[in-house]
$ cat target.txt   # compact mmCIF, C-alpha atoms and all ligand atoms
# COMPACT_ATOMS: atom_id res chain seq x y z
CA MET A 679 103.06 150.51 122.93
CA SER A 680 103.65 152.60 126.06
CA ASP A 681 106.66 151.92 128.28
CA PRO A 682 106.18 149.70 131.35
CA ILE A 683 105.52 151.76 134.51
CA ASN A 684 108.39 150.24 136.47
CA TYR A 685 111.09 151.54 134.09
CA TYR A 686 112.76 154.88 133.47
CA ALA A 687 112.77 155.40 129.69
CA PHE A 688 115.53 157.34 127.94
CA LYS A 689 116.00 158.39 124.35
CA LYS A 690 119.59 157.87 123.30
CA ASP A 691 120.54 161.53 123.78
CA GLU A 692 119.04 161.65 127.26
CA TRP A 693 120.89 158.48 128.23
CA LYS A 694 124.19 159.81 126.90
CA ASP A 695 123.77 163.02 128.91
CA LEU A 696 123.35 161.09 132.17
CA TYR A 697 126.94 160.00 132.05
CA LYS A 698 128.88 163.20 132.54
CA LEU A 699 132.11 161.90 134.00
CA ARG A 700 133.36 160.13 130.87
CA SER A 701 136.10 158.73 133.06
CA ILE A 702 136.26 155.47 131.14
CA PRO A 703 138.62 155.80 128.20
CA VAL A 704 138.05 154.03 124.90
CA THR A 705 141.43 154.09 123.21
CA THR A 706 141.94 153.80 119.47
CA ASP A 707 143.27 150.35 120.19
CA GLY A 708 140.08 149.46 122.02
CA LEU A 709 137.96 150.66 119.13
CA LYS A 710 140.08 148.59 116.73
CA GLN A 711 139.47 145.51 118.84
CA ILE A 712 135.71 146.12 118.65
CA LYS A 713 135.79 146.70 114.89
CA ALA A 714 137.81 143.51 114.52
CA PHE A 715 134.99 141.29 115.71
CA ASN A 716 132.17 143.27 114.12
CA ASP A 717 132.89 145.98 111.63
CA GLU A 718 129.30 147.16 111.59
CA ILE A 719 129.06 148.21 115.23
CA SER A 720 128.33 151.93 115.56
CA ILE A 721 131.18 153.56 117.46
CA GLN A 722 128.82 156.41 118.29
CA ASP A 723 126.57 153.90 120.07
CA VAL A 724 129.61 152.51 121.88
CA ARG A 725 130.42 155.98 123.21
CA ASP A 726 126.87 157.15 123.86
CA VAL A 727 125.21 153.98 125.11
CA TYR A 728 127.59 151.16 125.95
CA ILE A 729 130.21 153.17 127.84
CA PRO A 730 127.53 154.59 130.19
CA ILE A 731 126.24 151.01 130.62
CA VAL A 732 129.76 149.89 131.57
CA HIS A 733 129.90 152.72 134.09
CA LEU A 734 126.56 151.63 135.53
CA LEU A 735 127.77 148.02 135.71
CA ASP A 736 130.86 149.19 137.56
CA LEU A 737 128.67 150.89 140.17
CA CYS A 738 126.53 147.75 140.45
CA THR A 739 129.57 145.48 140.96
CA GLN A 740 131.02 147.78 143.63
CA ASN A 741 127.69 147.71 145.42
CA PHE A 742 127.45 143.93 144.99
CA ASN A 743 130.96 143.32 146.36
CA GLN A 744 130.24 145.54 149.35
CA TRP A 745 127.03 143.63 150.07
CA GLN A 746 128.88 140.28 149.86
CA LYS A 747 131.36 141.59 152.46
CA THR A 748 128.57 142.83 154.73
CA LYS A 749 126.77 139.51 154.42
CA THR A 750 129.82 137.35 155.19
CA ALA A 751 130.63 139.57 158.20
CA PHE A 752 127.08 139.12 159.49
CA LEU A 753 127.30 135.37 159.01
CA ASP A 754 130.78 135.29 160.54
CA LYS A 755 132.13 133.55 157.46
CA GLN A 756 135.36 134.05 155.63
CA ASP A 757 135.29 136.68 152.90
CA ARG A 758 135.61 135.31 149.36
CA LYS A 759 135.21 136.58 145.82
CA VAL A 760 131.72 135.97 144.44
CA PRO A 761 131.45 136.42 140.66
CA PHE A 762 129.03 139.10 139.49
CA ILE A 763 126.88 137.55 136.74
CA ILE A 764 125.37 139.58 133.89
CA GLY A 765 122.61 137.86 131.86
CA ILE A 766 121.89 138.92 128.29
CA SER A 767 118.62 137.86 126.72
CA GLY A 768 116.52 138.51 123.61
CA SER A 769 115.45 136.84 120.38
CA VAL A 770 117.60 134.67 118.15
CA ALA A 771 119.52 137.10 115.84
CA VAL A 772 118.72 140.26 117.82
CA GLY A 773 122.43 140.72 118.60
CA LYS A 774 122.95 139.03 121.97
CA SER A 775 126.35 137.54 121.19
CA THR A 776 127.56 140.77 119.61
CA THR A 777 126.45 142.79 122.64
CA ALA A 778 127.96 140.22 125.01
CA ARG A 779 131.32 140.34 123.22
CA LEU A 780 131.22 144.11 123.13
CA LEU A 781 130.62 144.28 126.88
CA GLU A 782 133.35 141.70 127.45
CA VAL A 783 135.85 143.84 125.51
CA LEU A 784 134.76 147.10 127.15
CA LEU A 785 134.73 145.70 130.68
CA SER A 786 138.13 144.02 130.18
CA ARG A 787 139.64 147.23 128.81
CA CYS A 788 138.09 149.54 131.36
CA PHE A 789 138.88 147.34 134.36
CA GLU A 790 142.18 145.72 133.52
CA ASP A 791 142.61 144.22 136.99
CA LYS A 792 139.30 142.35 136.69
CA LYS A 793 138.81 138.95 135.14
CA ILE A 794 135.85 138.97 132.73
CA GLN A 795 134.57 135.75 131.18
CA LEU A 796 131.78 135.03 128.73
CA ILE A 797 129.62 131.99 128.20
CA THR A 798 126.59 131.21 126.05
CA THR A 799 123.67 129.04 127.07
CA ASP A 800 123.74 127.25 123.66
CA GLY A 801 126.19 124.83 125.24
CA PHE A 802 123.40 123.62 127.51
CA LEU A 803 121.14 122.59 124.64
CA TYR A 804 120.63 118.82 124.55
CA ASN A 805 122.76 117.30 121.81
CA SER A 806 121.05 116.37 118.53
CA ALA A 807 120.84 112.67 119.41
CA GLU A 808 118.97 113.54 122.63
CA LEU A 809 116.75 116.11 120.88
CA LYS A 810 115.83 113.44 118.31
CA ARG A 811 115.19 110.87 121.06
CA ARG A 812 112.81 113.35 122.68
CA GLY A 813 111.22 114.17 119.30
CA ILE A 814 112.04 117.88 119.64
CA MET A 815 114.71 118.44 116.98
CA ASP A 816 112.52 121.18 115.48
CA ARG A 817 112.15 122.88 118.89
CA LYS A 818 115.77 123.95 119.29
CA GLY A 819 115.83 127.06 121.47
CA PHE A 820 112.47 126.32 123.14
CA PRO A 821 112.63 125.84 126.94
CA GLU A 822 112.38 122.05 126.70
CA SER A 823 115.45 121.86 124.43
CA TYR A 824 117.85 122.95 127.21
CA ASP A 825 119.31 120.85 129.99
CA MET A 826 118.32 123.42 132.61
CA LYS A 827 119.43 121.23 135.50
CA SER A 828 123.02 121.25 134.19
CA LEU A 829 122.88 124.98 133.50
CA ILE A 830 121.68 125.74 137.04
CA ASN A 831 124.30 123.40 138.46
CA PHE A 832 126.99 125.14 136.40
CA LEU A 833 125.92 128.58 137.65
CA ASN A 834 125.80 127.36 141.22
CA GLU A 835 129.38 126.05 140.97
CA VAL A 836 130.61 129.31 139.44
CA LYS A 837 128.92 131.36 142.15
CA SER A 838 130.21 129.17 144.94
CA GLY A 839 133.78 129.89 143.84
CA LYS A 840 134.72 126.48 142.43
CA HIS A 841 137.86 126.38 140.25
CA ASN A 842 137.74 125.40 136.56
CA VAL A 843 134.02 124.88 136.10
CA LYS A 844 133.29 123.21 132.75
CA ALA A 845 130.62 124.40 130.34
CA PRO A 846 129.78 122.30 127.26
CA VAL A 847 130.22 123.93 123.86
CA TYR A 848 127.69 124.22 121.04
CA SER A 849 128.88 124.60 117.46
CA HIS A 850 126.73 126.51 114.98
CA ASP A 851 129.00 124.94 112.37
CA VAL A 852 127.99 121.35 113.00
CA TYR A 853 124.63 122.41 114.52
CA ASP A 854 125.30 120.24 117.58
CA ILE A 855 127.13 120.03 120.91
CA ILE A 856 130.81 119.18 120.44
CA PRO A 857 131.60 116.06 122.47
CA ASP A 858 134.43 116.45 125.00
CA LYS A 859 134.91 120.15 124.32
CA PHE A 860 134.41 122.57 127.18
CA ASP A 861 134.81 126.22 128.08
CA ILE A 862 136.48 126.63 131.44
CA ILE A 863 135.22 129.24 133.84
CA ASN A 864 137.73 129.89 136.58
CA GLN A 865 136.73 132.30 139.33
CA PRO A 866 136.01 135.39 137.22
CA ASP A 867 135.14 138.76 138.76
CA VAL A 868 132.41 139.07 136.16
CA LEU A 869 130.72 136.35 134.12
CA ILE A 870 128.55 137.38 131.18
CA ILE A 871 126.01 134.73 130.27
CA GLU A 872 124.25 135.19 126.96
CA GLY A 873 121.23 133.25 125.72
CA ILE A 874 117.57 133.40 124.85
CA ASN A 875 116.63 131.63 128.09
CA THR A 876 118.50 133.71 130.69
CA LEU A 877 115.29 135.34 131.92
CA GLN A 878 113.03 132.31 131.55
CA LEU A 879 111.18 130.46 134.26
CA PRO A 880 111.36 126.75 133.38
CA SER A 881 108.19 124.96 134.43
CA ASN A 882 109.94 121.96 135.97
CA GLN A 883 112.59 123.69 138.10
CA GLN A 884 112.47 125.45 141.46
CA ILE A 885 115.51 127.57 140.73
CA TYR A 886 115.92 129.79 137.68
CA VAL A 887 118.89 131.18 135.78
CA SER A 888 117.84 134.63 136.96
CA ASP A 889 118.40 133.55 140.57
CA PHE A 890 122.10 133.61 139.72
CA THR A 891 122.28 136.76 137.63
CA ASP A 892 123.01 140.07 139.34
CA PHE A 893 122.15 142.28 136.39
CA SER A 894 120.07 141.36 133.36
CA ILE A 895 119.86 142.96 129.94
CA TYR A 896 117.20 142.34 127.29
CA ILE A 897 117.97 143.30 123.70
CA ASP A 898 114.79 144.40 121.97
CA ALA A 899 113.75 145.30 118.42
CA ASP A 900 110.67 144.98 116.20
CA ASP A 901 109.98 141.40 115.07
CA ASP A 902 110.23 142.26 111.36
CA LEU A 903 113.65 143.82 111.82
CA ILE A 904 114.92 140.80 113.75
CA GLU A 905 113.69 138.53 110.95
CA GLN A 906 115.61 140.72 108.49
CA TRP A 907 118.79 140.41 110.63
CA TYR A 908 118.28 136.65 110.82
CA ILE A 909 118.07 136.37 107.03
CA GLU A 910 120.98 138.78 106.49
CA ARG A 911 123.14 136.76 108.88
CA PHE A 912 122.10 133.57 107.06
CA GLU A 913 123.14 135.13 103.72
CA GLU A 914 126.49 136.24 105.15
CA LEU A 915 127.06 132.73 106.50
CA MET A 916 126.19 131.24 103.08
CA ASP A 917 129.26 133.02 101.72
CA THR A 918 131.52 132.20 104.66
CA ALA A 919 130.96 129.50 107.29
CA PHE A 920 128.57 127.42 105.15
CA GLN A 921 131.34 127.01 102.55
CA ASN A 922 133.14 124.70 104.95
CA PRO A 923 132.38 121.04 104.00
CA SER A 924 131.91 120.16 107.69
CA ASN A 925 129.17 122.80 108.03
CA TYR A 926 125.62 121.60 108.63
CA TYR A 927 124.36 123.90 105.85
CA TYR A 928 127.15 123.06 103.34
CA GLU A 929 124.83 121.24 100.92
CA MET A 930 122.29 124.03 101.07
CA ALA A 931 124.91 126.69 100.38
CA HIS A 932 125.67 124.88 97.14
CA THR A 933 122.12 124.61 95.86
CA ASP A 934 119.86 127.36 94.58
CA ARG A 935 120.43 130.51 96.69
CA LYS A 936 116.81 131.64 96.47
CA LYS A 937 115.63 128.25 97.72
CA ALA A 938 118.11 128.36 100.60
CA ILE A 939 116.82 131.77 101.69
CA GLU A 940 113.23 130.49 101.49
CA THR A 941 114.26 127.66 103.85
CA ALA A 942 115.80 130.18 106.27
CA LYS A 943 112.55 132.20 106.17
CA ASP A 944 110.61 129.03 106.97
CA VAL A 945 112.90 128.28 109.94
CA TRP A 946 112.28 131.82 111.20
CA GLN A 947 108.49 131.53 110.79
CA GLN A 948 108.19 127.98 112.16
CA ILE A 949 110.75 128.00 114.97
CA ASN A 950 112.42 131.24 115.99
CA LEU A 951 109.45 133.62 115.69
CA PRO A 952 107.03 131.40 117.68
CA ASN A 953 109.75 130.97 120.31
CA LEU A 954 110.21 134.74 120.47
CA LEU A 955 106.48 135.34 120.89
CA GLU A 956 105.74 132.48 123.30
CA ASN A 957 108.85 132.27 125.46
CA ILE A 958 111.29 135.13 125.00
CA LYS A 959 109.33 138.36 124.68
CA PRO A 960 107.18 137.67 127.78
CA THR A 961 110.40 137.76 129.85
CA LYS A 962 111.40 141.25 128.66
CA THR A 963 110.00 143.13 131.64
CA ARG A 964 112.02 141.05 134.07
CA ALA A 965 115.24 142.62 132.81
CA ASP A 966 117.10 145.34 134.71
CA LEU A 967 117.91 147.08 131.45
CA ILE A 968 116.19 146.95 128.06
CA ILE A 969 118.15 148.13 125.03
CA HIS A 970 115.89 148.89 122.07
CA LYS A 971 117.42 148.81 118.61
CA THR A 972 116.13 150.09 115.29
CA ASP A 973 117.40 150.04 111.65
CA ASN A 974 121.04 148.97 111.23
CA HIS A 975 121.16 147.92 114.90
CA ARG A 976 121.28 151.56 115.99
CA ILE A 977 120.00 152.06 119.52
CA ASP A 978 117.09 154.46 119.92
CA LYS A 979 115.89 153.81 123.46
CA ILE A 980 117.10 152.53 126.82
CA LEU A 981 114.86 151.44 129.68
CA LEU A 982 116.23 151.08 133.19
CA ARG A 983 114.23 149.29 135.83
CA LYS A 984 113.22 151.62 138.66
CA TYR A 985 112.78 149.13 141.51
N1 LIG B 1001 125.44 146.31 117.25
C1 LIG B 1001 125.44 145.72 116.04
N2 LIG B 1001 125.81 146.43 114.94
C2 LIG B 1001 125.82 145.84 113.73
N3 LIG B 1001 125.47 144.57 113.49
C3 LIG B 1001 125.10 143.82 114.52
C4 LIG B 1001 125.05 144.35 115.87
N4 LIG B 1001 124.61 143.37 116.69
C5 LIG B 1001 124.41 142.29 115.91
N5 LIG B 1001 124.68 142.55 114.62
C6 LIG B 1001 124.52 141.60 113.49
O1 LIG B 1001 123.21 141.01 113.61
C7 LIG B 1001 123.26 139.60 113.39
C8 LIG B 1001 122.77 138.88 114.64
O2 LIG B 1001 123.67 139.17 115.71
P1 LIG B 1001 124.14 138.06 116.75
O3 LIG B 1001 124.96 138.77 117.77
O4 LIG B 1001 124.73 136.91 116.03
O5 LIG B 1001 122.72 137.67 117.35
P2 LIG B 1001 122.26 136.59 118.44
O6 LIG B 1001 123.44 136.24 119.28
O7 LIG B 1001 121.20 137.31 119.22
O8 LIG B 1001 121.69 135.43 117.67
C9 LIG B 1001 124.69 139.29 113.03
O9 LIG B 1001 124.78 139.27 111.61
C10 LIG B 1001 125.50 140.46 113.61
O10 LIG B 1001 126.67 140.72 112.88
C1 LIG B 1002 120.93 127.47 118.96
C2 LIG B 1002 119.89 128.57 119.01
C3 LIG B 1002 118.63 128.05 119.67
C4 LIG B 1002 120.46 129.65 119.90
O1 LIG B 1002 120.22 130.91 119.53
P1 LIG B 1002 121.20 132.12 119.99
O2 LIG B 1002 121.27 132.11 121.49
O3 LIG B 1002 122.53 131.86 119.34
O4 LIG B 1002 120.53 133.34 119.47
C5 LIG B 1002 119.54 129.07 117.60
O5 LIG B 1002 120.68 129.57 116.98
C6 LIG B 1002 118.93 127.96 116.74
O6 LIG B 1002 119.61 127.10 116.28
N1 LIG B 1002 117.59 127.99 116.55
C7 LIG B 1002 116.89 126.93 115.89
C8 LIG B 1002 116.47 127.25 114.50
C9 LIG B 1002 117.59 127.80 113.64
O7 LIG B 1002 118.30 127.02 113.00
O8 LIG B 1002 117.72 129.03 113.61

$ encode --input "target.txt" --output "structure tokens" --more "lines below"
Ligand SMILES: Nc1ncnc2c1ncn2[C@@H]1O[C@H](COP(=O)(O)OP(=O)(O)O)[C@@H](O)[C@H]1O
Ligand SMILES: CC(C)(COP(=O)(O)O)[C@@H](O)C(=O)NCCC(=O)O
Amino acid sequence: MSDPINYYAFKKDEWKDLYKLRSIPVTTDGLKQIKAFNDEISIQDVRDVYIPIVHLLDLCTQNFNQWQKTKTAFLDKQDRKVPFIIGISGSVAVGKSTTARLLEVLLSRCFEDKKIQLITTDGFLYNSAELKRRGIMDRKGFPESYDMKSLINFLNEVKSGKHNVKAPVYSHDVYDIIPDKFDIINQPDVLIIEGINTLQLPSNQQIYVSDFTDFSIYIDADDDLIEQWYIERFEELMDTAFQNPSNYYYEMAHTDRKKAIETAKDVWQQINLPNLLENIKPTKTRADLIIHKTDNHRIDKILLRKY
């Protein structure tokens, strides 16, 4: 498929060459920290793709902060810090949380005086009891499974500079929202919000998540590859997290492995793939930046929105 006309398209080498200054250091310590949360991340991609993205984000935040100052001066209001919000979208299992954590580490290391926080939209899924009440337990991740009103309200509070804004927490372990557990977002310079719905336009709301994001990234890859990553992650989890008796998939991890993988394939085909095709992929060309990945999560192409 040809690239959308409103984007500049770069092969990895072209993208790397754009960033000539290389003024952002990645120390050995920094690389260790990245390897610690995901050993498989390509350090070459960190240098060639993610560091230039961090540089671009720095330029965007400087521009954003300047515009906030100009606007408050025009309105004769008192200057205040407005968090810059980065949205990260894409399919289930495409690597959103990994990319979000990577950017969190890089931004925190490169801009030590800045407060960077990270949140995922999973926390705004309705809890299982509510999903069951609505008869949509098998639609987790679809637009109707999120409490969008709460998510919008949360973003509005963060943007308006409120202290200690609470975000509910979803646990993949128990496959549900954890009651009375919250992440606290307290006046960050940058908030990264990661989730399949960060570029979506919910049918029943006037305001969208994207009204609060200042830069949006879509992680892209071929559907078959994403399915493979989904199954691989499931297999990894079978040997780790699913071994915990409190895990939702504990029973399954202790039955026939082949059967368990068949179930995961069914979940992909029945839930996550339709959601990707119907609700996630159509939002791709709203993103400011599209990162395209190929085998082994290596990046082969970057698209930057022109206008
Ligand atoms: N850049 C990457 N390099 C290597 N593996 C990755 C990378 N990004 C994601 N993965 C792996 O792909 C799987 C899905 O990634 P994850 O970040 O959990 O996806 P998502 O948050 O989109 O569901 C995980 O097993 C993760 O370890
Ligand atoms: C909670 C999720 C909708 C969120 O996906 P994520 O943002 O973590 O990629 C997803 O992990 C999920 O549970 N999907 C439903 C089907 C499944 O069990 O994979």

$ atom_distance --input "target.txt" --atom1 "atom O9 of ligand LIG 1001 (chain B)" --atom2 "CA of Thr777 in chain A"
11.7 Å

$ closest_residue --input "target.txt" --among "A:Phe893, A:Tyr928, A:Tyr728, A:Tyr685" --to "ligand LIG 1001 (chain B)" --atoms "only C-alpha atoms and all ligand atoms"
A:Tyr728

$ residues_around --input "target.txt" --residues "Gly768 in chain A" --least-positions-apart "6" --cutoff "7 Å" --atoms "all atoms listed in the file" --output "list in words"
Lys774, Ile874, Tyr896, Ile897, Asp898 and Ile958 of chain A

$ residues_near_ligand --input "target.txt" --ligand "ligand LIG 1002 (chain B)" --cutoff "10 Å" --atoms "only C-alpha atoms and all ligand atoms" --output "count of residues only"
51

$ residues_around --input "target.txt" --residues "range 830-847 of chain A" --least-positions-apart "4" --cutoff "7 Å" --atoms "only C-alpha atoms" --output "count of residues only"
16

$ atom_distance --input "target.txt" --atom1 "CA of Glu929 in chain A" --atom2 "atom C5 of ligand LIG 1001 (chain B)"
25.8 Å

$ residues_around --input "target.txt" --residues "Leu915 in chain A" --least-positions-apart "5" --cutoff "10 Å" --atoms "only C-alpha atoms" --output "tab-separated table (two decimals) with C-alpha atoms, in the frame of the given file"
chain	number	residue	atom	x	y	z
A	851	ASP	CA	129.00	124.94	112.37
A	909	ILE	CA	118.07	136.37	107.03
A	910	GLU	CA	120.98	138.78	106.49
A	920	PHE	CA	128.57	127.42	105.15
A	921	GLN	CA	131.34	127.01	102.55
A	927	TYR	CA	124.36	123.90	105.85
A	931	ALA	CA	124.91	126.69	100.38

$ atom_distance --input "target.txt" --atom1 "CA of Pro682 in chain A" --atom2 "CA of Ile904 in chain A"
21.6 Å

$ decode --input "target.txt" --residues "range 839-868 of chain A" --atoms "N, CA and C atoms" --output "short mmCIF file (atom, residue, chain, number, x, y, z; two decimals), in the first residue's frame"
data_model
loop_
_atom_site.label_atom_id
_atom_site.label_comp_id
_atom_site.auth_asym_id
_atom_site.auth_seq_id
_atom_site.Cartn_x
_atom_site.Cartn_y
_atom_site.Cartn_z
N GLY A 839 -3.83 21.16 35.61
CA GLY A 839 -2.80 21.39 36.63
C GLY A 839 -3.16 20.93 38.02
N LYS A 840 -4.23 20.09 38.12
CA LYS A 840 -4.63 19.59 39.44
C LYS A 840 -3.54 18.69 40.03
N HIS A 841 -3.39 18.75 41.35
CA HIS A 841 -2.42 17.88 42.04
C HIS A 841 -3.01 16.48 42.21
N ASN A 842 -2.12 15.49 42.23
CA ASN A 842 -2.48 14.11 42.59
C ASN A 842 -3.77 13.60 41.95
N VAL A 843 -3.78 13.56 40.64
CA VAL A 843 -4.96 13.05 39.93
C VAL A 843 -4.86 11.53 39.91
N LYS A 844 -6.00 10.87 40.26
CA LYS A 844 -5.98 9.41 40.39
C LYS A 844 -6.42 8.72 39.11
N ALA A 845 -5.67 7.70 38.72
CA ALA A 845 -6.08 6.87 37.58
C ALA A 845 -6.24 5.44 38.07
N PRO A 846 -7.39 4.80 37.77
CA PRO A 846 -7.57 3.41 38.21
C PRO A 846 -6.55 2.49 37.54
N VAL A 847 -6.35 1.33 38.13
CA VAL A 847 -5.31 0.42 37.64
C VAL A 847 -5.91 -0.91 37.20
N TYR A 848 -5.53 -1.36 36.01
CA TYR A 848 -5.96 -2.65 35.48
C TYR A 848 -4.84 -3.66 35.72
N SER A 849 -5.23 -4.88 36.09
CA SER A 849 -4.21 -5.92 36.27
C SER A 849 -4.40 -7.01 35.22
N HIS A 850 -3.36 -7.24 34.42
CA HIS A 850 -3.42 -8.34 33.45
C HIS A 850 -3.39 -9.67 34.19
N ASP A 851 -2.87 -9.63 35.42
CA ASP A 851 -2.78 -10.83 36.24
C ASP A 851 -4.17 -11.36 36.60
N VAL A 852 -4.98 -10.46 37.18
CA VAL A 852 -6.32 -10.92 37.57
C VAL A 852 -7.36 -10.64 36.47
N TYR A 853 -6.91 -10.01 35.38
CA TYR A 853 -7.77 -9.74 34.22
C TYR A 853 -8.92 -8.81 34.59
N ASP A 854 -8.65 -7.89 35.52
CA ASP A 854 -9.73 -7.01 36.00
C ASP A 854 -9.10 -5.73 36.59
N ILE A 855 -9.97 -4.75 36.84
CA ILE A 855 -9.54 -3.53 37.54
C ILE A 855 -9.29 -3.90 39.01
N ILE A 856 -8.24 -3.34 39.59
CA ILE A 856 -7.98 -3.62 41.01
C ILE A 856 -8.71 -2.58 41.84
N PRO A 857 -9.65 -3.02 42.69
CA PRO A 857 -10.39 -2.03 43.47
C PRO A 857 -9.46 -1.25 44.41
N ASP A 858 -9.73 0.03 44.53
CA ASP A 858 -8.99 0.90 45.46
C ASP A 858 -7.49 1.02 45.20
N LYS A 859 -7.06 0.67 43.98
CA LYS A 859 -5.65 0.91 43.65
C LYS A 859 -5.62 1.98 42.55
N PHE A 860 -4.71 2.93 42.72
CA PHE A 860 -4.65 4.02 41.77
C PHE A 860 -3.21 4.38 41.43
N ASP A 861 -3.00 4.86 40.21
CA ASP A 861 -1.74 5.54 39.89
C ASP A 861 -2.00 7.02 40.13
N ILE A 862 -0.98 7.69 40.64
CA ILE A 862 -1.16 9.12 40.93
C ILE A 862 -0.35 9.94 39.94
N ILE A 863 -1.03 10.83 39.26
CA ILE A 863 -0.35 11.71 38.32
C ILE A 863 -0.31 13.11 38.94
N ASN A 864 0.90 13.58 39.17
CA ASN A 864 1.03 14.84 39.90
C ASN A 864 1.86 15.86 39.10
N GLN A 865 1.18 16.66 38.36
CA GLN A 865 1.77 17.78 37.62
C GLN A 865 3.08 17.42 36.88
N PRO A 866 3.00 16.45 35.98
CA PRO A 866 4.22 16.12 35.23
C PRO A 866 4.50 17.18 34.16
N ASP A 867 5.75 17.22 33.68
CA ASP A 867 6.04 18.04 32.49
C ASP A 867 5.51 17.32 31.26
N VAL A 868 5.71 15.99 31.29
CA VAL A 868 5.25 15.17 30.16
C VAL A 868 4.48 13.96 30.70
#
